[in-house]
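Pasting my_file_3.txt here (compact mmCIF, N, CA and C atoms and all ligand atoms):
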# COMPACT_ATOMS: atom_id res chain seq x y z
N MET A 2 3.43 14.73 -11.28
CA MET A 2 3.84 13.38 -10.87
C MET A 2 3.99 13.35 -9.34
N PRO A 3 3.23 12.52 -8.65
CA PRO A 3 3.32 12.49 -7.19
C PRO A 3 4.68 12.01 -6.71
N LYS A 4 5.05 12.48 -5.54
CA LYS A 4 6.30 12.04 -4.92
C LYS A 4 6.00 11.06 -3.79
N LEU A 5 6.70 9.97 -3.83
CA LEU A 5 6.58 8.96 -2.77
C LEU A 5 7.88 8.98 -1.98
N THR A 6 7.74 9.25 -0.68
CA THR A 6 8.90 9.18 0.21
C THR A 6 8.76 7.94 1.08
N VAL A 7 9.78 7.12 1.07
CA VAL A 7 9.84 5.96 1.96
C VAL A 7 10.92 6.27 2.98
N GLU A 8 10.54 6.34 4.23
CA GLU A 8 11.49 6.73 5.27
C GLU A 8 12.71 5.82 5.25
N ASP A 9 13.87 6.44 5.37
CA ASP A 9 15.17 5.76 5.38
C ASP A 9 15.53 5.13 4.04
N VAL A 10 14.73 5.41 3.00
CA VAL A 10 15.05 4.87 1.67
C VAL A 10 15.27 6.02 0.69
N GLY A 11 14.28 6.93 0.56
CA GLY A 11 14.44 8.04 -0.36
C GLY A 11 13.10 8.56 -0.84
N THR A 12 13.18 9.50 -1.79
CA THR A 12 11.99 10.11 -2.39
C THR A 12 12.01 9.85 -3.88
N PHE A 13 10.85 9.47 -4.42
CA PHE A 13 10.79 8.98 -5.79
C PHE A 13 9.58 9.59 -6.50
N ASP A 14 9.76 9.91 -7.78
CA ASP A 14 8.63 10.30 -8.63
C ASP A 14 7.88 9.04 -9.02
N VAL A 15 6.56 9.10 -8.94
CA VAL A 15 5.73 7.94 -9.24
C VAL A 15 4.71 8.35 -10.30
N PRO A 16 4.47 7.52 -11.31
CA PRO A 16 3.44 7.85 -12.29
C PRO A 16 2.08 8.07 -11.60
N GLN A 17 1.37 9.11 -12.06
CA GLN A 17 0.07 9.45 -11.48
C GLN A 17 -0.83 8.23 -11.41
N ASP A 18 -1.39 8.00 -10.24
CA ASP A 18 -2.40 6.95 -9.99
C ASP A 18 -1.85 5.52 -10.05
N LYS A 19 -0.53 5.37 -10.01
CA LYS A 19 0.02 4.02 -9.95
C LYS A 19 -0.33 3.39 -8.60
N ARG A 20 -0.56 2.11 -8.62
CA ARG A 20 -0.81 1.41 -7.35
C ARG A 20 0.39 1.57 -6.43
N LEU A 21 0.13 1.92 -5.19
CA LEU A 21 1.22 2.17 -4.26
C LEU A 21 2.08 0.93 -4.07
N VAL A 22 1.47 -0.23 -3.99
CA VAL A 22 2.26 -1.45 -3.77
C VAL A 22 3.28 -1.65 -4.89
N ASN A 23 2.89 -1.36 -6.13
CA ASN A 23 3.82 -1.53 -7.24
C ASN A 23 4.86 -0.40 -7.28
N ALA A 24 4.47 0.80 -6.85
CA ALA A 24 5.43 1.90 -6.78
C ALA A 24 6.51 1.62 -5.73
N LEU A 25 6.12 0.98 -4.65
CA LEU A 25 7.12 0.63 -3.63
C LEU A 25 8.16 -0.32 -4.21
N SER A 26 7.71 -1.26 -5.02
CA SER A 26 8.65 -2.20 -5.65
C SER A 26 9.42 -1.53 -6.79
N ASP A 27 8.71 -0.86 -7.68
CA ASP A 27 9.33 -0.38 -8.93
C ASP A 27 10.12 0.91 -8.73
N GLU A 28 9.48 1.94 -8.18
CA GLU A 28 10.14 3.23 -8.06
C GLU A 28 11.05 3.28 -6.83
N ALA A 29 10.53 2.82 -5.69
CA ALA A 29 11.34 2.88 -4.47
C ALA A 29 12.34 1.73 -4.40
N GLY A 30 12.06 0.66 -5.13
CA GLY A 30 13.02 -0.45 -5.21
C GLY A 30 13.14 -1.26 -3.93
N ILE A 31 12.09 -1.29 -3.12
CA ILE A 31 12.17 -2.06 -1.88
C ILE A 31 11.49 -3.42 -2.05
N ASP A 32 11.79 -4.31 -1.13
CA ASP A 32 11.27 -5.68 -1.17
C ASP A 32 9.93 -5.77 -0.43
N GLN A 33 8.99 -4.94 -0.87
CA GLN A 33 7.67 -4.89 -0.25
C GLN A 33 6.95 -6.23 -0.41
N LEU A 34 6.42 -6.74 0.68
CA LEU A 34 5.60 -7.95 0.59
C LEU A 34 4.23 -7.64 0.00
N HIS A 35 3.69 -8.63 -0.72
CA HIS A 35 2.32 -8.55 -1.25
C HIS A 35 1.87 -9.98 -1.51
N ALA A 36 1.77 -10.73 -0.41
CA ALA A 36 1.64 -12.19 -0.50
C ALA A 36 0.40 -12.65 -1.27
N CYS A 37 -0.70 -11.91 -1.18
CA CYS A 37 -1.92 -12.35 -1.87
C CYS A 37 -2.01 -11.81 -3.29
N GLY A 38 -0.95 -11.14 -3.73
CA GLY A 38 -0.95 -10.61 -5.10
C GLY A 38 -1.78 -9.35 -5.26
N GLY A 39 -2.02 -8.66 -4.15
CA GLY A 39 -2.70 -7.36 -4.26
C GLY A 39 -4.20 -7.45 -4.27
N ASN A 40 -4.75 -8.39 -3.54
CA ASN A 40 -6.20 -8.63 -3.58
C ASN A 40 -6.92 -8.35 -2.25
N ALA A 41 -6.29 -7.59 -1.38
CA ALA A 41 -6.92 -7.20 -0.11
C ALA A 41 -7.28 -8.41 0.75
N ARG A 42 -6.39 -9.39 0.76
CA ARG A 42 -6.67 -10.58 1.58
C ARG A 42 -5.62 -10.84 2.66
N CYS A 43 -4.35 -10.48 2.39
CA CYS A 43 -3.28 -10.96 3.29
C CYS A 43 -2.82 -9.92 4.32
N THR A 44 -2.90 -8.66 3.97
CA THR A 44 -2.42 -7.51 4.75
C THR A 44 -0.89 -7.40 4.81
N THR A 45 -0.15 -8.24 4.07
CA THR A 45 1.31 -8.11 4.11
C THR A 45 1.82 -6.89 3.34
N CYS A 46 0.96 -6.25 2.57
CA CYS A 46 1.36 -5.05 1.83
C CYS A 46 1.24 -3.81 2.69
N ARG A 47 1.05 -3.99 3.98
CA ARG A 47 0.82 -2.86 4.88
C ARG A 47 1.99 -1.89 4.90
N VAL A 48 1.65 -0.62 5.02
CA VAL A 48 2.63 0.44 5.22
C VAL A 48 2.12 1.32 6.36
N GLN A 49 3.03 2.07 6.93
CA GLN A 49 2.67 3.03 7.97
C GLN A 49 2.78 4.43 7.39
N PHE A 50 1.68 5.13 7.30
CA PHE A 50 1.71 6.49 6.77
C PHE A 50 2.29 7.45 7.78
N VAL A 51 3.16 8.34 7.28
CA VAL A 51 3.73 9.41 8.07
C VAL A 51 3.06 10.73 7.67
N GLU A 52 2.91 10.91 6.34
CA GLU A 52 2.23 12.10 5.80
C GLU A 52 1.45 11.67 4.58
N GLY A 53 0.35 12.39 4.34
CA GLY A 53 -0.39 12.19 3.10
C GLY A 53 -1.26 10.96 3.08
N GLU A 54 -1.68 10.49 4.24
CA GLU A 54 -2.56 9.32 4.24
C GLU A 54 -3.85 9.66 3.50
N PRO A 55 -4.24 8.84 2.54
CA PRO A 55 -5.47 9.13 1.78
C PRO A 55 -6.70 9.06 2.69
N ALA A 56 -7.64 9.96 2.44
CA ALA A 56 -8.90 9.93 3.19
C ALA A 56 -9.81 8.84 2.63
N ARG A 57 -9.70 8.58 1.34
CA ARG A 57 -10.57 7.56 0.78
C ARG A 57 -9.96 6.19 0.99
N MET A 58 -10.81 5.20 1.01
CA MET A 58 -10.39 3.83 1.31
C MET A 58 -11.32 2.88 0.55
N THR A 59 -10.77 1.80 0.06
CA THR A 59 -11.67 0.83 -0.58
C THR A 59 -12.44 0.07 0.50
N GLN A 60 -13.62 -0.36 0.15
CA GLN A 60 -14.40 -1.15 1.09
C GLN A 60 -13.65 -2.43 1.44
N ALA A 61 -12.93 -2.99 0.48
CA ALA A 61 -12.17 -4.22 0.72
C ALA A 61 -11.09 -4.00 1.77
N GLU A 62 -10.39 -2.85 1.68
CA GLU A 62 -9.37 -2.54 2.69
C GLU A 62 -10.01 -2.35 4.06
N LYS A 63 -11.09 -1.62 4.09
CA LYS A 63 -11.77 -1.36 5.36
C LYS A 63 -12.17 -2.68 6.02
N ASP A 64 -12.70 -3.57 5.22
CA ASP A 64 -13.18 -4.85 5.76
C ASP A 64 -12.04 -5.70 6.30
N VAL A 65 -10.94 -5.79 5.56
CA VAL A 65 -9.86 -6.68 5.99
C VAL A 65 -9.10 -6.08 7.18
N LEU A 66 -8.94 -4.76 7.21
CA LEU A 66 -8.30 -4.13 8.38
C LEU A 66 -9.13 -4.38 9.64
N ALA A 67 -10.44 -4.28 9.50
CA ALA A 67 -11.32 -4.52 10.65
C ALA A 67 -11.27 -5.98 11.07
N ALA A 68 -11.30 -6.87 10.09
CA ALA A 68 -11.32 -8.31 10.40
C ALA A 68 -10.04 -8.75 11.10
N ARG A 69 -8.92 -8.11 10.77
CA ARG A 69 -7.62 -8.46 11.38
C ARG A 69 -7.30 -7.63 12.62
N GLY A 70 -8.21 -6.77 13.02
CA GLY A 70 -7.97 -5.96 14.21
C GLY A 70 -6.91 -4.90 14.02
N LEU A 71 -6.70 -4.46 12.78
CA LEU A 71 -5.61 -3.53 12.48
C LEU A 71 -6.04 -2.08 12.51
N THR A 72 -7.31 -1.82 12.72
CA THR A 72 -7.76 -0.42 12.73
C THR A 72 -7.30 0.32 13.98
N VAL A 73 -6.74 -0.40 14.94
CA VAL A 73 -6.24 0.25 16.16
C VAL A 73 -4.91 0.97 15.91
N HIS A 74 -4.30 0.73 14.75
CA HIS A 74 -3.00 1.35 14.46
C HIS A 74 -3.21 2.53 13.51
N PRO A 75 -3.17 3.75 14.02
CA PRO A 75 -3.39 4.91 13.15
C PRO A 75 -2.35 4.95 12.03
N GLY A 76 -2.81 5.20 10.82
CA GLY A 76 -1.90 5.34 9.70
C GLY A 76 -1.48 4.04 9.05
N LEU A 77 -1.92 2.92 9.60
CA LEU A 77 -1.57 1.64 8.97
C LEU A 77 -2.57 1.38 7.84
N ARG A 78 -2.03 1.23 6.63
CA ARG A 78 -2.88 1.05 5.45
C ARG A 78 -2.31 -0.02 4.54
N LEU A 79 -3.15 -0.48 3.64
CA LEU A 79 -2.75 -1.53 2.69
C LEU A 79 -2.36 -0.89 1.37
N SER A 80 -1.09 -1.05 1.01
CA SER A 80 -0.59 -0.36 -0.18
C SER A 80 -1.21 -0.89 -1.46
N CYS A 81 -1.77 -2.09 -1.43
CA CYS A 81 -2.41 -2.61 -2.66
C CYS A 81 -3.76 -1.97 -2.91
N GLN A 82 -4.26 -1.21 -1.94
CA GLN A 82 -5.58 -0.60 -2.08
C GLN A 82 -5.51 0.91 -2.22
N ILE A 83 -4.32 1.40 -2.55
CA ILE A 83 -4.07 2.84 -2.61
C ILE A 83 -3.41 3.19 -3.93
N THR A 84 -3.82 4.32 -4.51
CA THR A 84 -3.15 4.81 -5.71
C THR A 84 -2.31 6.03 -5.35
N ALA A 85 -1.23 6.19 -6.07
CA ALA A 85 -0.36 7.35 -5.86
C ALA A 85 -0.98 8.53 -6.61
N ASP A 86 -1.89 9.24 -5.93
CA ASP A 86 -2.55 10.37 -6.57
C ASP A 86 -2.18 11.69 -5.91
N HIS A 87 -1.25 11.66 -4.95
CA HIS A 87 -0.74 12.86 -4.31
C HIS A 87 0.56 12.48 -3.60
N ASP A 88 1.28 13.48 -3.08
CA ASP A 88 2.53 13.18 -2.38
C ASP A 88 2.24 12.44 -1.08
N MET A 89 3.06 11.45 -0.79
CA MET A 89 2.87 10.70 0.45
C MET A 89 4.21 10.22 1.01
N THR A 90 4.23 10.06 2.33
CA THR A 90 5.42 9.56 3.03
C THR A 90 5.00 8.37 3.87
N VAL A 91 5.72 7.26 3.70
CA VAL A 91 5.37 6.04 4.44
C VAL A 91 6.63 5.43 5.05
N LYS A 92 6.39 4.60 6.05
CA LYS A 92 7.42 3.70 6.55
C LYS A 92 7.13 2.33 5.96
N ALA A 93 8.18 1.67 5.45
CA ALA A 93 8.03 0.32 4.92
C ALA A 93 8.17 -0.65 6.09
N ILE A 94 7.06 -1.22 6.51
CA ILE A 94 7.05 -2.04 7.73
C ILE A 94 6.81 -3.52 7.47
N SER A 95 6.74 -3.90 6.19
CA SER A 95 6.43 -5.30 5.87
C SER A 95 7.21 -5.70 4.62
N ARG A 96 8.45 -6.10 4.85
CA ARG A 96 9.35 -6.39 3.73
C ARG A 96 9.76 -7.84 3.74
N LEU A 97 10.20 -8.31 2.57
CA LEU A 97 10.60 -9.71 2.44
C LEU A 97 11.76 -10.05 3.38
N ALA A 98 12.73 -9.16 3.43
CA ALA A 98 13.90 -9.42 4.29
C ALA A 98 13.45 -9.62 5.73
N GLY A 99 13.83 -10.74 6.30
CA GLY A 99 13.50 -11.01 7.69
C GLY A 99 12.13 -11.61 7.90
N SER A 100 11.35 -11.79 6.81
CA SER A 100 9.98 -12.29 6.96
C SER A 100 9.93 -13.82 7.03
N GLY A 101 10.98 -14.47 6.54
CA GLY A 101 10.97 -15.92 6.49
C GLY A 101 10.21 -16.48 5.29
N ARG A 102 9.67 -15.59 4.47
CA ARG A 102 8.94 -16.04 3.29
C ARG A 102 9.90 -16.30 2.14
N ALA A 103 9.45 -17.15 1.20
CA ALA A 103 10.30 -17.50 0.07
C ALA A 103 10.37 -16.38 -0.96
N ASP A 104 9.29 -15.62 -1.09
CA ASP A 104 9.27 -14.52 -2.04
C ASP A 104 8.26 -13.48 -1.57
N ALA A 105 8.22 -12.36 -2.28
CA ALA A 105 7.36 -11.25 -1.86
C ALA A 105 5.90 -11.48 -2.23
N GLY A 106 5.64 -12.42 -3.15
CA GLY A 106 4.28 -12.67 -3.62
C GLY A 106 4.16 -12.34 -5.09
N LYS A 107 3.10 -12.86 -5.69
CA LYS A 107 2.86 -12.61 -7.12
C LYS A 107 2.69 -11.12 -7.35
N ARG A 108 3.20 -10.63 -8.48
CA ARG A 108 3.10 -9.19 -8.74
C ARG A 108 1.63 -8.78 -8.84
N PRO A 109 1.25 -7.75 -8.09
CA PRO A 109 -0.12 -7.25 -8.20
C PRO A 109 -0.40 -6.68 -9.59
N ALA A 110 -1.64 -6.79 -10.02
CA ALA A 110 -2.07 -6.21 -11.30
C ALA A 110 -1.87 -4.70 -11.26
N ASP A 111 -1.95 -4.08 -12.43
CA ASP A 111 -1.78 -2.62 -12.49
C ASP A 111 -2.94 -1.87 -11.83
N ASP A 112 -4.13 -2.44 -11.89
CA ASP A 112 -5.31 -1.78 -11.31
C ASP A 112 -5.67 -2.42 -9.98
N ILE A 113 -6.27 -1.63 -9.10
CA ILE A 113 -6.68 -2.13 -7.79
C ILE A 113 -7.65 -3.29 -7.94
N GLN A 114 -7.37 -4.34 -7.20
CA GLN A 114 -8.23 -5.52 -7.16
C GLN A 114 -8.62 -5.81 -5.72
N PRO A 115 -9.83 -6.26 -5.42
CA PRO A 115 -10.95 -6.31 -6.38
C PRO A 115 -11.32 -4.90 -6.84
N PRO A 116 -12.06 -4.78 -7.96
CA PRO A 116 -12.41 -3.44 -8.45
C PRO A 116 -12.93 -2.58 -7.29
N PRO A 117 -12.35 -1.39 -7.09
CA PRO A 117 -12.60 -0.65 -5.86
C PRO A 117 -14.00 -0.07 -5.73
N ALA A 118 -14.58 -0.29 -4.54
CA ALA A 118 -15.76 0.46 -4.12
C ALA A 118 -15.25 1.45 -3.09
N TRP A 119 -15.21 2.74 -3.46
CA TRP A 119 -14.56 3.74 -2.60
C TRP A 119 -15.48 4.19 -1.48
N THR A 120 -14.88 4.29 -0.32
CA THR A 120 -15.58 4.82 0.84
C THR A 120 -14.58 5.72 1.57
N GLN A 121 -14.97 6.22 2.72
CA GLN A 121 -14.05 7.06 3.51
C GLN A 121 -13.47 6.23 4.64
N LYS A 122 -12.29 6.61 5.05
CA LYS A 122 -11.61 5.92 6.12
C LYS A 122 -12.47 5.90 7.38
S1 LIG B 1 -3.68 -7.38 1.12
FE1 LIG B 1 -2.44 -8.85 0.14
S2 LIG B 1 -1.18 -7.65 -1.12
FE2 LIG B 1 -2.46 -6.17 -0.17
Let me see the file written as structure tokens.
Ligand code: FES
Amino acid sequence: MPKLTVEDVGTFDVPQDKRLVNALSDEAGIDQLHACGGNARCTTCRVQFVEGEPARMTQAEKDVLAARGLTVHPGLRLSCQITADHDMTVKAISRLAGSGRADAGKRPADDIQPPPAWTQK
């Protein structure tokens, strides 16, 4: 079972291959934003990797990070496009508290959406 560490929050066991965005909400219990419902459109599910950044990346994540000019930030990734398949440590940098939003967004599906086309970072 992979371990997810969220800086200043704690370390949590996460079911193998669970979507990271849902693990942040369910296991870590934080108010992670996911405004587009986990569809690689909004980038509010972003996290900052400290350790264990995955080498693989969905084409959808790659495209939206590039379109938003976010590739200049090393370690910034979209939690809705990542599965918990190994130990990882992240900073939660996009939370409901202080965002001014009414809610965190519709709960993302259990599986990565859109269906992932895997590429390398
Ligand atoms: S890009 Fe919108 S929830 Fe991930």
Let me have all residues with an atom within 7 Å of ligand LIG 1 (chain B), counting only N, CA and C atoms and all ligand atoms, laid out as a short mmCIF file (atom, residue, chain, number, x, y, z; two decimals) with N, CA and C atoms, keeping the file's coordinate frame.
data_model
loop_
_atom_site.label_atom_id
_atom_site.label_comp_id
_atom_site.auth_asym_id
_atom_site.auth_seq_id
_atom_site.Cartn_x
_atom_site.Cartn_y
_atom_site.Cartn_z
N LEU A 34 6.42 -6.74 0.68
CA LEU A 34 5.60 -7.95 0.59
C LEU A 34 4.23 -7.64 0.00
N HIS A 35 3.69 -8.63 -0.72
CA HIS A 35 2.32 -8.55 -1.25
C HIS A 35 1.87 -9.98 -1.51
N ALA A 36 1.77 -10.73 -0.41
CA ALA A 36 1.64 -12.19 -0.50
C ALA A 36 0.40 -12.65 -1.27
N CYS A 37 -0.70 -11.91 -1.18
CA CYS A 37 -1.92 -12.35 -1.87
C CYS A 37 -2.01 -11.81 -3.29
N GLY A 38 -0.95 -11.14 -3.73
CA GLY A 38 -0.95 -10.61 -5.10
C GLY A 38 -1.78 -9.35 -5.26
N GLY A 39 -2.02 -8.66 -4.15
CA GLY A 39 -2.70 -7.36 -4.26
C GLY A 39 -4.20 -7.45 -4.27
N ASN A 40 -4.75 -8.39 -3.54
CA ASN A 40 -6.20 -8.63 -3.58
C ASN A 40 -6.92 -8.35 -2.25
N ALA A 41 -6.29 -7.59 -1.38
CA ALA A 41 -6.92 -7.20 -0.11
C ALA A 41 -7.28 -8.41 0.75
N ARG A 42 -6.39 -9.39 0.76
CA ARG A 42 -6.67 -10.58 1.58
C ARG A 42 -5.62 -10.84 2.66
N CYS A 43 -4.35 -10.48 2.39
CA CYS A 43 -3.28 -10.96 3.29
C CYS A 43 -2.82 -9.92 4.32
N THR A 44 -2.90 -8.66 3.97
CA THR A 44 -2.42 -7.51 4.75
C THR A 44 -0.89 -7.40 4.81
N THR A 45 -0.15 -8.24 4.07
CA THR A 45 1.31 -8.11 4.11
C THR A 45 1.82 -6.89 3.34
N CYS A 46 0.96 -6.25 2.57
CA CYS A 46 1.36 -5.05 1.83
C CYS A 46 1.24 -3.81 2.69
N ARG A 47 1.05 -3.99 3.98
CA ARG A 47 0.82 -2.86 4.88
C ARG A 47 1.99 -1.89 4.90
N LEU A 79 -3.15 -0.48 3.64
CA LEU A 79 -2.75 -1.53 2.69
C LEU A 79 -2.36 -0.89 1.37
N SER A 80 -1.09 -1.05 1.01
CA SER A 80 -0.59 -0.36 -0.18
C SER A 80 -1.21 -0.89 -1.46
N CYS A 81 -1.77 -2.09 -1.43
CA CYS A 81 -2.41 -2.61 -2.66
C CYS A 81 -3.76 -1.97 -2.91
N GLN A 82 -4.26 -1.21 -1.94
CA GLN A 82 -5.58 -0.60 -2.08
C GLN A 82 -5.51 0.91 -2.22
#
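Nearest-residue note for A:Val48: choosing from A:Thr72, A:Gln60, A:Thr90, A:Gln17, the minimum distance belongs to A:Thr90, counting only C-alpha atoms.
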Open item on the list: Ranking A:Gln33, A:Asp27, A:Pro75, A:Thr12 by minimum distance to A:Ala98 and counting only N, CA and C atoms, which one comes first?
Closed with: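 Of A:Gln33, A:Asp27, A:Pro75, A:Thr12, the one nearest A:Ala98 is A:Gln33, counting only N, CA and C atoms.
You will find atom N of A:Asp88 at 5.2 Å from atom C of A:Pro3.
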- [ ] Using atom CA of A:Gly53 and atom CA of A:Asp32 as the two end points, give the distance in Å to one decimal.
- [x]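 Interatomic distance, atom CA of A:Gly53 to atom CA of A:Asp32: 21.8 Å.
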TODO: Show me as a ChimeraX atom specification the residues that reach within 10 Å of (12.1, -3.3, -2.4), counting only C-alpha atoms and using the file's own coordinates.
DONE: /A:10,23-34,93,96-98,105
TODO: Could you check which of A:Val15, A:Ala103, A:Val73, A:Ala118 is closest to A:Met58, using only N, CA and C atoms?
DONE: A:Ala118
- [ ] Just the residues within 7 Å of A:Glu54, please, counting only C-alpha atoms, with nothing from its chain fewer than 2 positions along; format it as an MDAnalysis selection string.
- [x] chainID A and resid 50 52 56 76 89
TODO: Name the residues of chain A that fall into alpha helix (DSSP H) according to DSSP on the backbone, using the chain letters and numbers of this document, as a list in words.
DONE: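 Selection result, alpha helix (DSSP H) within chain A: Leu21, Val22, Asn23, Ala24, Leu25, Ser26, Asp27, Gln60, Ala61, Glu62, Lys63, Asp64, Val65, Leu66, Ala67 and Ala68 of chain A.
The coordinates place atom CA of A:Val7 at 26.9 Å from atom CA of A:Ala68.
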Centre and size of axis-aligned box enclosing stretch 5-18 of chain A plus 8 Å each side, as AutoDock Vina command-line options:
--center_x 6.6 --center_y 7.6 --center_z -3.5 --size_x 33.9 --size_y 21.4 --size_z 33.7
Task: Residue list as a PyMOL selection string for point (-1.7, 5.2, 0.5), cut-off 7 Å, only C-alpha atoms - done: chain A and resi 21+54-55+78+80+83-85
Open item on the list: Let's see if you can do this: from backbone DSSP, list all strand (DSSP E) residues in chain A, as a ChimeraX atom specification.
Closed with: /A:4-7,11-14,19-20,47-52,57-59,77-79,84-85,89-93,119-121
